[in-house]
$ cat target-v2.txt   # compact mmCIF, C-alpha atoms
# COMPACT_ATOMS: atom_id res chain seq x y z
CA MET A 1 12.22 -46.76 -12.59
CA PRO A 2 10.20 -48.40 -9.80
CA THR A 3 11.96 -50.72 -7.42
CA GLY A 4 10.13 -53.97 -8.07
CA LYS A 5 8.41 -55.95 -10.75
CA ALA A 6 5.37 -54.62 -12.52
CA THR A 7 2.27 -56.80 -12.40
CA LYS A 8 -0.87 -56.69 -14.48
CA HIS A 9 -4.48 -56.68 -13.35
CA PRO A 10 -5.28 -59.54 -10.93
CA LYS A 11 -6.88 -62.41 -12.81
CA PRO A 12 -10.50 -63.22 -12.02
CA VAL A 13 -11.46 -66.79 -11.24
CA GLU A 14 -13.20 -67.43 -14.56
CA GLY A 15 -10.13 -66.78 -16.65
CA PRO A 16 -7.67 -64.17 -17.87
CA PRO A 17 -8.99 -60.70 -18.75
CA LYS A 18 -9.43 -59.70 -22.35
CA PRO A 19 -6.67 -57.34 -23.43
CA LEU A 20 -7.73 -53.72 -24.02
CA PRO A 21 -7.24 -52.20 -27.48
CA PRO A 22 -4.08 -50.04 -27.56
CA LYS A 23 -6.14 -46.86 -28.07
CA ASP A 24 -8.01 -47.49 -24.79
CA LEU A 25 -4.92 -48.08 -22.69
CA PRO A 26 -4.26 -45.15 -20.30
CA GLY A 27 -0.48 -45.68 -20.57
CA LYS A 28 1.82 -45.97 -23.54
CA PRO A 29 1.41 -49.35 -25.31
CA ASP A 30 5.18 -49.84 -25.62
CA CYS A 31 5.96 -48.93 -22.00
CA PRO A 32 8.29 -51.64 -20.58
CA ILE A 33 7.08 -50.94 -17.02
CA CYS A 34 3.28 -51.18 -17.24
CA ASN A 35 2.78 -52.53 -20.81
CA GLY A 36 0.29 -49.78 -21.47
CA VAL A 37 -1.91 -50.39 -18.41
CA GLY A 38 -0.77 -47.10 -16.85
CA TYR A 39 -0.14 -48.47 -13.37
CA TYR A 40 1.66 -51.34 -11.66
CA ARG A 41 2.17 -52.97 -8.30
CA LEU A 42 5.53 -53.31 -6.60
CA ASP A 43 6.82 -56.79 -5.94
CA VAL A 44 7.49 -56.29 -2.24
CA GLU A 45 7.01 -58.17 1.00
CA VAL A 46 3.58 -58.30 2.61
CA THR A 47 4.86 -56.17 5.48
CA HIS A 48 5.96 -53.37 3.16
CA PRO A 49 3.71 -50.24 3.34
CA ASP A 50 3.35 -50.22 -0.48
CA PHE A 51 2.31 -53.88 -0.74
CA GLY A 52 -0.76 -54.22 -2.94
CA LYS A 53 -0.96 -50.50 -3.75
CA LEU A 54 -1.27 -49.31 -7.33
CA GLN A 55 1.55 -47.07 -8.51
CA VAL A 56 1.06 -44.55 -11.32
CA CYS A 57 3.44 -45.32 -14.12
CA SER A 58 5.80 -42.59 -15.25
CA CYS A 59 4.56 -42.97 -18.84
CA ARG A 60 1.26 -41.32 -17.94
CA GLN A 61 2.41 -38.94 -15.20
CA SER A 62 2.58 -35.97 -17.57
CA ASP A 63 -0.99 -36.65 -18.69
CA ILE A 64 -2.15 -36.85 -15.07
CA ASP A 65 -0.40 -33.59 -14.27
CA ARG A 66 -2.00 -31.87 -17.25
CA LYS A 67 -5.49 -33.04 -16.30
CA ARG A 68 -4.88 -32.05 -12.68
CA GLN A 69 -3.81 -28.60 -13.77
CA GLN A 70 -6.93 -28.25 -15.92
CA ARG A 71 -9.15 -29.38 -13.04
CA LEU A 72 -7.61 -26.94 -10.56
CA PHE A 73 -7.88 -24.14 -13.13
CA ALA A 74 -11.57 -24.87 -13.63
CA MET A 75 -12.12 -25.13 -9.88
CA SER A 76 -10.41 -21.77 -9.40
CA ASN A 77 -12.86 -20.07 -11.82
CA LEU A 78 -9.83 -18.38 -13.32
CA ASP A 79 -11.52 -18.51 -16.70
CA GLU A 80 -13.79 -15.76 -15.34
CA LEU A 81 -10.79 -13.76 -14.13
CA THR A 82 -8.58 -13.93 -17.21
CA HIS A 83 -9.21 -10.21 -17.79
CA LEU A 84 -7.38 -9.38 -14.55
CA THR A 85 -3.80 -8.99 -15.70
CA PHE A 86 -0.79 -6.83 -14.95
CA ASP A 87 -1.26 -5.07 -18.28
CA ASN A 88 -4.66 -3.60 -17.40
CA PHE A 89 -3.99 -2.79 -13.73
CA GLN A 90 -4.38 0.98 -13.36
CA PHE A 91 -2.60 1.96 -10.19
CA ARG A 92 -2.85 5.69 -10.89
CA GLY A 93 -6.26 5.75 -12.51
CA GLN A 94 -8.39 6.62 -9.48
CA MET A 95 -9.84 10.11 -9.21
CA GLY A 96 -8.58 12.02 -6.20
CA LEU A 97 -5.85 9.54 -5.40
CA GLY A 98 -3.12 11.08 -3.26
CA PRO A 99 0.60 10.34 -3.37
CA LYS A 100 0.55 7.88 -0.48
CA GLU A 101 -2.35 5.91 -1.96
CA ALA A 102 -0.82 5.91 -5.45
CA GLU A 103 2.57 4.91 -4.07
CA SER A 104 1.09 1.98 -2.13
CA LEU A 105 -0.59 0.72 -5.30
CA GLU A 106 2.58 1.05 -7.33
CA VAL A 107 4.64 -0.79 -4.71
CA ALA A 108 2.04 -3.58 -4.55
CA PHE A 109 1.94 -3.82 -8.34
CA LYS A 110 5.72 -4.12 -8.70
CA SER A 111 5.93 -6.60 -5.83
CA ALA A 112 3.17 -8.77 -7.32
CA GLN A 113 4.84 -8.70 -10.73
CA ARG A 114 8.18 -9.67 -9.19
CA PHE A 115 6.55 -12.45 -7.17
CA SER A 116 4.92 -13.95 -10.28
CA GLN A 117 8.34 -14.30 -11.88
CA THR A 118 10.14 -15.78 -8.87
CA LEU A 119 7.45 -17.49 -6.71
CA ASP A 120 9.73 -16.82 -3.80
CA GLY A 121 8.18 -16.83 -0.31
CA TRP A 122 4.73 -15.48 0.55
CA LEU A 123 3.01 -12.30 -0.58
CA VAL A 124 0.32 -10.79 1.68
CA LEU A 125 -1.83 -7.96 0.26
CA GLN A 126 -3.90 -5.96 2.76
CA GLY A 127 -6.45 -3.26 2.03
CA THR A 128 -10.10 -2.33 1.92
CA TYR A 129 -12.66 -3.78 -0.50
CA GLY A 130 -12.08 -2.70 -4.09
CA CYS A 131 -8.53 -1.40 -3.58
CA GLY A 132 -7.00 -3.82 -6.12
CA LYS A 133 -5.90 -6.79 -3.99
CA THR A 134 -7.87 -9.43 -5.89
CA HIS A 135 -6.85 -7.97 -9.27
CA LEU A 136 -3.16 -8.34 -8.39
CA ALA A 137 -3.66 -11.84 -6.93
CA ALA A 138 -5.52 -12.95 -10.07
CA ALA A 139 -2.86 -11.35 -12.28
CA ILE A 140 -0.22 -13.45 -10.51
CA ALA A 141 -2.29 -16.62 -10.94
CA ASN A 142 -2.99 -15.94 -14.63
CA PHE A 143 0.67 -15.25 -15.35
CA VAL A 144 1.82 -18.41 -13.58
CA VAL A 145 -0.81 -20.62 -15.24
CA GLU A 146 0.22 -19.21 -18.62
CA ILE A 147 3.76 -20.54 -18.16
CA GLY A 148 2.46 -23.96 -17.16
CA ILE A 149 2.63 -23.94 -13.35
CA THR A 150 -0.30 -25.57 -11.57
CA THR A 151 -2.20 -23.01 -9.49
CA LEU A 152 -5.18 -23.08 -7.14
CA PHE A 153 -6.96 -19.72 -6.75
CA LEU A 154 -9.89 -19.68 -4.31
CA THR A 155 -11.53 -17.37 -1.83
CA VAL A 156 -11.02 -18.80 1.64
CA PRO A 157 -14.74 -19.66 2.13
CA ASP A 158 -14.67 -21.57 -1.18
CA LEU A 159 -11.44 -23.29 -0.16
CA LEU A 160 -13.08 -24.53 3.03
CA ASP A 161 -16.13 -25.72 1.07
CA PHE A 162 -13.83 -27.55 -1.33
CA MET A 163 -12.45 -29.50 1.62
CA ARG A 164 -15.86 -30.12 3.22
CA PHE A 165 -17.36 -31.45 -0.01
CA ALA A 166 -14.71 -34.18 -0.11
CA TYR A 167 -16.74 -36.04 2.51
CA ASP A 168 -19.49 -36.56 -0.12
CA ASP A 169 -17.24 -37.09 -3.13
CA PRO A 170 -16.71 -40.74 -4.15
CA GLN A 171 -13.88 -39.71 -6.49
CA SER A 172 -11.52 -38.38 -3.80
CA THR A 173 -10.99 -38.55 -0.07
CA PHE A 174 -10.62 -35.62 2.30
CA GLU A 175 -6.98 -36.53 2.80
CA GLN A 176 -6.39 -36.43 -0.95
CA ARG A 177 -7.88 -32.95 -1.23
CA MET A 178 -5.92 -31.66 1.73
CA ASP A 179 -2.74 -33.08 0.24
CA GLU A 180 -3.56 -31.46 -3.10
CA ILE A 181 -4.09 -28.05 -1.50
CA LYS A 182 -1.00 -28.27 0.66
CA ASN A 183 1.27 -29.29 -2.22
CA VAL A 184 -0.09 -27.33 -5.19
CA PRO A 185 2.86 -25.41 -6.70
CA LEU A 186 1.10 -22.06 -6.14
CA LEU A 187 -1.79 -21.44 -3.76
CA VAL A 188 -3.71 -18.14 -3.86
CA MET A 189 -6.06 -17.53 -0.92
CA ASP A 190 -8.33 -14.56 -1.61
CA ASP A 191 -10.41 -12.78 1.07
CA PHE A 192 -8.68 -14.34 4.05
CA GLY A 193 -10.63 -13.49 7.19
CA THR A 194 -14.12 -13.62 5.65
CA GLN A 195 -14.58 -17.29 6.56
CA ASN A 196 -16.63 -18.45 9.52
CA ALA A 197 -14.01 -18.85 12.22
CA THR A 198 -15.12 -22.26 13.45
CA PRO A 199 -12.54 -24.36 15.28
CA TRP A 200 -12.54 -26.80 12.35
CA SER A 201 -11.88 -24.10 9.73
CA GLN A 202 -9.19 -22.46 11.85
CA GLU A 203 -7.44 -25.78 12.33
CA LYS A 204 -7.53 -26.72 8.63
CA LEU A 205 -6.28 -23.31 7.53
CA PHE A 206 -3.44 -23.55 10.01
CA GLN A 207 -2.52 -27.04 8.78
CA ILE A 208 -2.40 -25.82 5.18
CA MET A 209 -0.40 -22.70 5.92
CA ASN A 210 1.93 -24.39 8.36
CA TYR A 211 2.72 -27.15 5.84
CA ARG A 212 3.48 -24.61 3.12
CA TYR A 213 5.52 -22.53 5.56
CA VAL A 214 7.65 -25.47 6.71
CA ASN A 215 8.17 -26.64 3.14
CA ARG A 216 8.73 -23.11 1.81
CA LEU A 217 5.98 -23.35 -0.81
CA PRO A 218 4.77 -20.07 -2.38
CA LEU A 219 1.50 -18.52 -1.22
CA VAL A 220 -0.46 -15.36 -2.08
CA LEU A 221 -2.93 -14.14 0.52
CA THR A 222 -5.28 -11.15 0.33
CA THR A 223 -7.18 -9.78 3.30
CA ASN A 224 -9.03 -6.72 4.52
CA GLU A 225 -8.49 -7.80 8.11
CA ILE A 226 -6.03 -6.36 10.60
CA LEU A 227 -3.28 -8.95 10.82
CA GLU A 228 -3.15 -8.71 14.59
CA THR A 229 -6.70 -10.14 14.77
CA ILE A 230 -5.74 -13.30 12.86
CA GLU A 231 -5.39 -16.62 14.69
CA PRO A 232 -2.09 -16.46 16.66
CA ARG A 233 -0.49 -19.55 15.13
CA ILE A 234 -1.14 -18.29 11.61
CA LEU A 235 -0.04 -14.78 12.59
CA SER A 236 3.29 -16.14 13.79
CA ARG A 237 3.96 -17.57 10.30
CA LEU A 238 2.92 -14.30 8.66
CA SER A 239 5.32 -12.42 10.93
CA ASP A 240 8.42 -13.98 9.39
CA GLU A 241 9.77 -10.91 7.59
CA LYS A 242 12.47 -12.90 5.80
CA PHE A 243 9.92 -15.16 4.14
CA VAL A 244 6.71 -13.09 4.05
CA ASN A 245 6.31 -9.79 2.19
CA LYS A 246 3.37 -7.89 3.73
CA LEU A 247 2.04 -4.90 1.78
CA ARG A 248 -0.83 -2.58 2.69
CA ILE A 249 -2.71 -0.87 -0.14
CA LEU A 250 -4.01 2.49 1.07
CA ALA A 251 -6.24 3.27 -1.91
CA PRO A 252 -10.01 3.33 -1.35
CA ASP A 253 -12.62 1.24 -3.14
CA TYR A 254 -12.25 2.24 -6.81
CA ARG A 255 -15.94 1.48 -7.33
CA ARG A 256 -16.97 4.03 -4.68
CA PRO A 257 -14.00 6.35 -4.16
CA SER A 258 -16.13 9.17 -2.76
CA GLN A 259 -17.91 6.94 -0.25
CA ASP A 260 -14.94 5.49 1.60
CA MET A 261 -16.38 6.37 5.03
CA SER A 262 -16.76 9.87 3.59
CA GLY A 263 -20.31 9.69 2.29
CA PRO A 264 -21.29 13.14 3.65
CA LEU A 265 -18.46 14.74 1.68
CA ALA A 266 -20.12 13.70 -1.57
CA ASN A 267 -22.95 16.10 -0.71
CA LEU A 268 -20.56 18.93 0.20
CA GLN A 269 -18.59 19.27 -3.03
CA ASN A 270 -19.56 22.96 -3.31
CA PHE A 271 -18.12 23.73 0.12
CA THR A 272 -14.85 25.41 -0.84
CA PHE A 273 -12.76 28.25 0.51
CA GLU A 274 -13.88 30.40 -2.44
CA SER A 275 -17.56 29.85 -1.61
CA PHE A 276 -17.15 30.58 2.11
CA ASP A 277 -19.28 33.62 2.96
CA LEU A 278 -17.66 36.14 5.31
CA ARG A 279 -21.02 37.98 5.49
CA VAL A 280 -19.43 41.41 5.25
CA ASN A 281 -22.77 43.03 4.38
CA GLU A 282 -24.79 41.55 7.19
CA GLY A 283 -23.90 43.99 9.91
CA LEU A 284 -21.73 41.63 11.93
CA ASN A 285 -19.73 43.27 14.69
CA SER A 286 -15.96 43.43 14.32
CA GLU A 287 -15.34 40.54 16.69
CA ASP A 288 -17.57 38.19 14.68
CA THR A 289 -16.01 39.29 11.39
CA ILE A 290 -12.50 38.80 12.74
CA SER A 291 -13.38 35.32 14.00
CA LEU A 292 -14.68 34.31 10.56
CA LYS A 293 -11.58 35.67 8.78
CA LYS A 294 -9.27 33.98 11.27
CA ALA A 295 -11.07 30.63 10.91
CA LEU A 296 -10.88 30.89 7.11
CA GLY A 297 -7.16 31.67 7.28
CA GLU A 298 -6.42 28.83 9.69
CA ALA A 299 -8.39 26.37 7.55
CA ARG A 300 -6.56 27.45 4.37
CA SER A 301 -3.21 27.09 6.08
CA PHE A 302 -4.09 23.66 7.45
CA ALA A 303 -5.31 22.47 4.03
CA GLU A 304 -1.99 23.42 2.47
CA ASN A 305 0.01 21.54 5.09
CA PRO A 306 -2.03 19.29 7.41
CA ASP A 307 -0.09 19.18 10.64
CA GLY A 308 -1.40 18.65 14.16
CA TRP A 309 -5.04 19.19 15.04
CA LEU A 310 -7.39 21.99 14.02
CA VAL A 311 -10.41 22.38 16.30
CA ILE A 312 -13.15 24.70 14.99
CA THR A 313 -15.82 25.73 17.47
CA GLY A 314 -18.92 27.88 17.09
CA PRO A 315 -22.73 27.87 17.10
CA TYR A 316 -24.71 25.74 14.67
CA GLY A 317 -24.76 27.17 11.16
CA CYS A 318 -21.77 29.49 11.66
CA GLY A 319 -19.63 27.80 8.97
CA LYS A 320 -17.65 25.13 10.86
CA THR A 321 -18.72 22.26 8.61
CA HIS A 322 -18.19 24.41 5.50
CA LEU A 323 -14.54 25.02 6.44
CA ALA A 324 -13.97 21.36 7.40
CA ALA A 325 -15.41 20.19 4.07
CA ALA A 326 -13.36 22.85 2.23
CA ILE A 327 -10.20 21.37 3.74
CA ALA A 328 -11.19 17.89 2.57
CA ASN A 329 -12.20 19.08 -0.91
CA TYR A 330 -8.98 21.07 -1.30
CA GLN A 331 -6.87 18.05 -0.37
CA ALA A 332 -8.79 15.76 -2.71
CA LYS A 333 -8.68 18.23 -5.60
CA LYS A 334 -4.94 18.83 -5.28
CA GLY A 335 -4.28 15.09 -5.03
CA TYR A 336 -2.36 15.40 -1.78
CA THR A 337 -4.33 12.70 0.00
CA LEU A 338 -7.86 11.35 0.14
CA PRO A 339 -9.18 12.37 3.57
CA LYS A 340 -11.90 10.66 5.55
CA PHE A 341 -14.77 13.01 6.37
CA VAL A 342 -16.88 11.52 9.14
CA VAL A 343 -19.89 12.86 11.01
CA ILE A 344 -19.35 11.50 14.52
CA PRO A 345 -22.94 10.28 15.15
CA ASP A 346 -22.79 8.47 11.80
CA LEU A 347 -19.44 6.95 12.75
CA MET A 348 -20.97 5.50 15.92
CA ASP A 349 -23.81 4.03 13.82
CA HIS A 350 -21.31 2.48 11.38
CA LEU A 351 -19.38 0.91 14.23
CA ARG A 352 -22.53 -0.49 15.83
CA ALA A 353 -23.68 -1.88 12.46
CA THR A 354 -20.60 -4.14 12.29
CA PHE A 355 -22.21 -6.30 14.96
CA GLY A 356 -25.06 -7.16 12.57
CA PRO A 357 -25.19 -10.58 10.88
CA ARG A 358 -25.13 -9.01 7.40
CA SER A 359 -22.10 -6.84 8.00
CA THR A 360 -19.26 -7.46 5.53
CA VAL A 361 -16.63 -5.78 7.70
CA SER A 362 -15.55 -6.34 11.27
CA LEU A 363 -15.57 -3.68 13.97
CA ASP A 364 -11.80 -3.92 14.31
CA THR A 365 -11.23 -3.44 10.58
CA LEU A 366 -13.54 -0.44 10.24
CA PHE A 367 -12.26 1.22 13.40
CA GLU A 368 -8.63 0.63 12.39
CA ASN A 369 -9.22 2.19 8.96
CA VAL A 370 -10.71 5.31 10.54
CA LYS A 371 -8.21 5.86 13.32
CA THR A 372 -5.11 5.29 11.16
CA THR A 373 -6.13 7.31 8.10
CA HIS A 374 -3.64 10.02 7.18
CA LEU A 375 -6.13 12.91 7.44
CA LEU A 376 -9.34 12.54 9.44
CA ILE A 377 -12.10 15.14 9.65
CA LEU A 378 -14.55 14.64 12.52
CA ASP A 379 -17.69 16.74 12.21
CA ASP A 380 -20.22 17.49 14.99
CA LEU A 381 -18.43 16.34 18.10
CA GLY A 382 -20.85 16.61 21.00
CA THR A 383 -24.11 15.83 19.16
CA GLN A 384 -23.96 12.07 19.69
CA ASN A 385 -25.59 10.18 22.57
CA MET A 386 -22.66 9.45 24.81
CA THR A 387 -23.35 5.91 25.89
CA PRO A 388 -20.49 4.28 27.79
CA TRP A 389 -19.61 2.21 24.72
CA ALA A 390 -19.61 5.24 22.36
CA ARG A 391 -17.64 7.30 24.87
CA GLU A 392 -14.96 4.61 25.08
CA LYS A 393 -14.64 4.11 21.31
CA LEU A 394 -14.44 7.86 20.79
CA TYR A 395 -11.72 8.16 23.40
CA GLN A 396 -9.76 5.32 21.78
CA LEU A 397 -9.98 7.12 18.44
CA PHE A 398 -8.86 10.47 19.86
CA ASN A 399 -6.14 8.95 22.01
CA TYR A 400 -4.61 6.99 19.12
CA ARG A 401 -4.46 10.00 16.82
CA TYR A 402 -3.19 12.20 19.64
CA ASN A 403 -0.31 9.88 20.48
CA ALA A 404 0.51 9.34 16.79
CA GLU A 405 0.13 13.10 16.11
CA LEU A 406 -1.93 12.38 13.00
CA PRO A 407 -3.53 15.38 11.22
CA THR A 408 -7.11 15.79 12.42
CA VAL A 409 -9.87 18.38 12.00
CA ILE A 410 -12.62 18.52 14.62
CA THR A 411 -15.76 20.66 14.63
CA THR A 412 -17.81 21.11 17.78
CA PRO A 413 -20.22 23.75 19.12
CA GLU A 414 -17.92 24.46 22.06
CA LEU A 415 -15.37 22.90 24.36
CA ARG A 416 -17.58 22.05 27.31
CA ASP A 417 -16.80 20.68 30.72
CA GLU A 418 -19.46 18.03 30.08
CA MET A 419 -17.20 16.43 27.48
CA ASP A 420 -15.14 13.39 28.30
CA PRO A 421 -12.25 15.00 30.21
CA ARG A 422 -9.77 12.70 28.48
CA ILE A 423 -10.86 13.98 25.05
CA LEU A 424 -11.16 17.58 26.22
CA SER A 425 -7.61 17.59 27.60
CA ARG A 426 -6.21 16.47 24.26
CA MET A 427 -8.06 19.15 22.29
CA GLN A 428 -6.77 21.79 24.73
CA ASP A 429 -3.12 20.80 24.26
CA ALA A 430 -1.69 23.91 22.59
CA ARG A 431 1.42 21.97 21.58
CA LEU A 432 -0.59 19.90 19.08
CA CYS A 433 -3.94 21.66 18.68
CA THR A 434 -5.05 24.98 17.23
CA VAL A 435 -8.47 26.02 18.53
CA CYS A 436 -10.35 28.41 16.27
CA ALA A 437 -13.53 29.88 17.78
CA ILE A 438 -16.13 31.36 15.44
CA THR A 439 -18.32 33.82 17.32
CA ALA A 440 -20.56 34.80 14.39
CA PRO A 441 -24.19 33.67 14.66
CA SER A 442 -25.80 31.15 12.36
CA TYR A 443 -25.98 32.45 8.80
CA ARG A 444 -29.31 30.65 8.49
CA GLY A 445 -30.85 33.19 10.81
CA THR A 446 -29.71 36.29 8.90
CA PRO A 447 -32.19 38.38 6.90
CA ARG A 448 -30.54 37.36 3.60
CA ALA A 449 -30.82 33.68 4.48
CA ARG A 450 -34.51 34.12 5.34
CA ARG A 451 -35.19 35.95 2.09
CA GLY A 452 -33.39 33.22 0.16
CA LYS A 453 -35.51 30.59 1.84
CA LYS A 454 -38.75 32.37 0.83
CA ARG A 455 -37.63 32.51 -2.77

$ encode --input "target-v2.txt" --output "structure tokens"
Amino acid sequence: MPTGKATKHPKPVEGPPKPLPPKDLPGKPDCPICNGVGYYRLDVEVTHPDFGKLQVCSCRQSDIDRKRQQRLFAMSNLDELTHLTFDNFQFRGQMGLGPKEAESLEVAFKSAQRFSQTLDGWLVLQGTYGCGKTHLAAAIANFVVEIGITTLFLTVPDLLDFMRFAYDDPQSTFEQRMDEIKNVPLLVMDDFGTQNATPWSQEKLFQIMNYRYVNRLPLVLTTNEILETIEPRILSRLSDEKFVNKLRILAPDYRRPSQDMSGPLANLQNFTFESFDLRVNEGLNSEDTISLKKALGEARSFAENPDGWLVITGPYGCGKTHLAAAIANYQAKKGYTLPKFVVIPDLMDHLRATFGPRSTVSLDTLFENVKTTHLLILDDLGTQNMTPWAREKLYQLFNYRYNAELPTVITTPELRDEMDPRILSRMQDARLCTVCAITAPSYRGTPRARRGKKR
């Protein structure tokens, strides 16, 4: 019950207003508080902050809440995402998915399902495009809406537009929209980090997240960004391990599983250990034959149990890339892990392209995904133009994987003194690296290769 007397519409000078028919009254006709008008004013002193303000009557609050829920649902475009549910999420359905990738999807799935039933704390889902983040976030939203809880699901750019458009909306003020976002029972922010990081947008996002953090209101956030690159004040809230559950999905883009920074591998599917040609009938000397057999054996052993670094050297066309691709294909086929196969000059081009205005991924995100991947295969070291920038990025990549002792395969014509000495010293560390030198000449120059080319 309100504390004060309810009053009707103020009377105009020309006389009392005509009563509305009961069917047109927004409130209940028999309501003792508002008499069906749907609102009232408190009988308070002029100095009271609520003097003269309309108060929504409790008889129509449920109707207002229902309409508000419908409006937020429509604004969220969840009607276009109703097909994204927990029932049709296939966390083991990707071809070539390794145990670590499958496990990360399963953990994220179970955590999202648990969150939808408890709405306890914050859930942060990290991962590359197409890994399943948005599906799980939408599944949470759809489940919660189904049980009657008001939810706002928006990509962060759309969320910022929703706030900006309030300046031109006669139906609501900016403050009203901000209050609605901050207090909605469940807020889902998809694609965090894709927004233009203007001071205004950073400040508004912080205000929203800080309010929900202080008031312990549930939030789901998806991002393909590295958390450390997020605005420090927001990062500090996301770092509360007791309140925030951060999960990283390791699976690649399900729409392009073979092109997850491994585009060249798609063209090397026939490069297997079985198809590797030892060229026993080409008159190779014993040293060349032994080097080929040793390289094949080392590559097979590494593929079975990737550990440390395998550096394969030799002239162009001797079989280095074939063995590197065979390792990747073996791992993918057996389902151990999905390796990244990267030609180093192409990697430098990918990193430079992130500076372009049309790039959908930041330099930090792309570089982080490459340097932290479980198994990385770097082909053609030494063929790139070693600009100071490229030299530094390459060193950062090598140094990170060296210190972390992450499995890595490197092919290069030879270990030359002209190489960056910092990189060279790491590849020559016998504690971590196995160097396999192929001395056989290019198979493309053999008589059989020339005859094949003529045919």

$ residues_near_point --input "target-v2.txt" --point "(-3.2, -16.1, 16.2)" --cutoff "12 Å" --atoms "only C-alpha atoms" --output "list in words"
Gly193, Ala197, Gln202, Glu203, Leu205, Phe206, Ile226, Leu227, Glu228, Thr229, Ile230, Glu231, Pro232, Arg233, Ile234, Leu235, Ser236, Arg237, Leu238 and Ser239 of chain A

$ residues_around --input "target-v2.txt" --residues "Lys204 in chain A" --least-positions-apart "6" --cutoff "10 Å" --atoms "all atoms listed in the file" --output "MDAnalysis selection string"
chainID A and resid 160 163 178 210

$ atom_distance --input "target-v2.txt" --atom1 "CA of Met427 in chain A" --atom2 "CA of Gln269 in chain A"
27.4 Å

$ atom_distance --input "target-v2.txt" --atom1 "CA of Ala437 in chain A" --atom2 "CA of Asn305 in chain A"
20.3 Å

$ atom_distance --input "target-v2.txt" --atom1 "CA of Pro339 in chain A" --atom2 "CA of Ile327 in chain A"
9.1 Å

$ closest_residue --input "target-v2.txt" --among "A:Leu123, A:Ala251, A:Ile344, A:Ile438" --to "Ser291 in chain A" --atoms "all atoms listed in the file"
A:Ile438

$ closest_residue --input "target-v2.txt" --among "A:Ile410, A:Leu159, A:Val124, A:Cys131" --to "Leu424 in chain A" --atoms "all atoms listed in the file"
A:Ile410

$ residues_around --input "target-v2.txt" --residues "Arg164 in chain A" --least-positions-apart "5" --cutoff "12 Å" --atoms "only C-alpha atoms" --output "list in words"
Pro157, Asp158, Leu159, Asp169, Ser172, Thr173, Phe174, Glu175, Arg177, Met178, Trp200, Ser201 and Lys204 of chain A

$ residues_around --input "target-v2.txt" --residues "Gly308 in chain A" --least-positions-apart "6" --cutoff "9 Å" --atoms "all atoms listed in the file" --output "list in words"
Phe302, Tyr402, Glu405, Leu406, Pro407, Thr408, Val409, Arg431, Leu432, Cys433 and Thr434 of chain A

$ write_last_selection --input "target-v2.txt" --atoms "C-alpha atoms" --output "PDB file, in the coordinates of the input"
ATOM      1  CA  PHE A 302      -4.090  23.660   7.450  1.00  0.00           C
ATOM      2  CA  TYR A 402      -3.190  12.200  19.640  1.00  0.00           C
ATOM      3  CA  GLU A 405       0.130  13.100  16.110  1.00  0.00           C
ATOM      4  CA  LEU A 406      -1.930  12.380  13.000  1.00  0.00           C
ATOM      5  CA  PRO A 407      -3.530  15.380  11.220  1.00  0.00           C
ATOM      6  CA  THR A 408      -7.110  15.790  12.420  1.00  0.00           C
ATOM      7  CA  VAL A 409      -9.870  18.380  12.000  1.00  0.00           C
ATOM      8  CA  ARG A 431       1.420  21.970  21.580  1.00  0.00           C
ATOM      9  CA  LEU A 432      -0.590  19.900  19.080  1.00  0.00           C
ATOM     10  CA  CYS A 433      -3.940  21.660  18.680  1.00  0.00           C
ATOM     11  CA  THR A 434      -5.050  24.980  17.230  1.00  0.00           C
TER      12      THR A 434
END
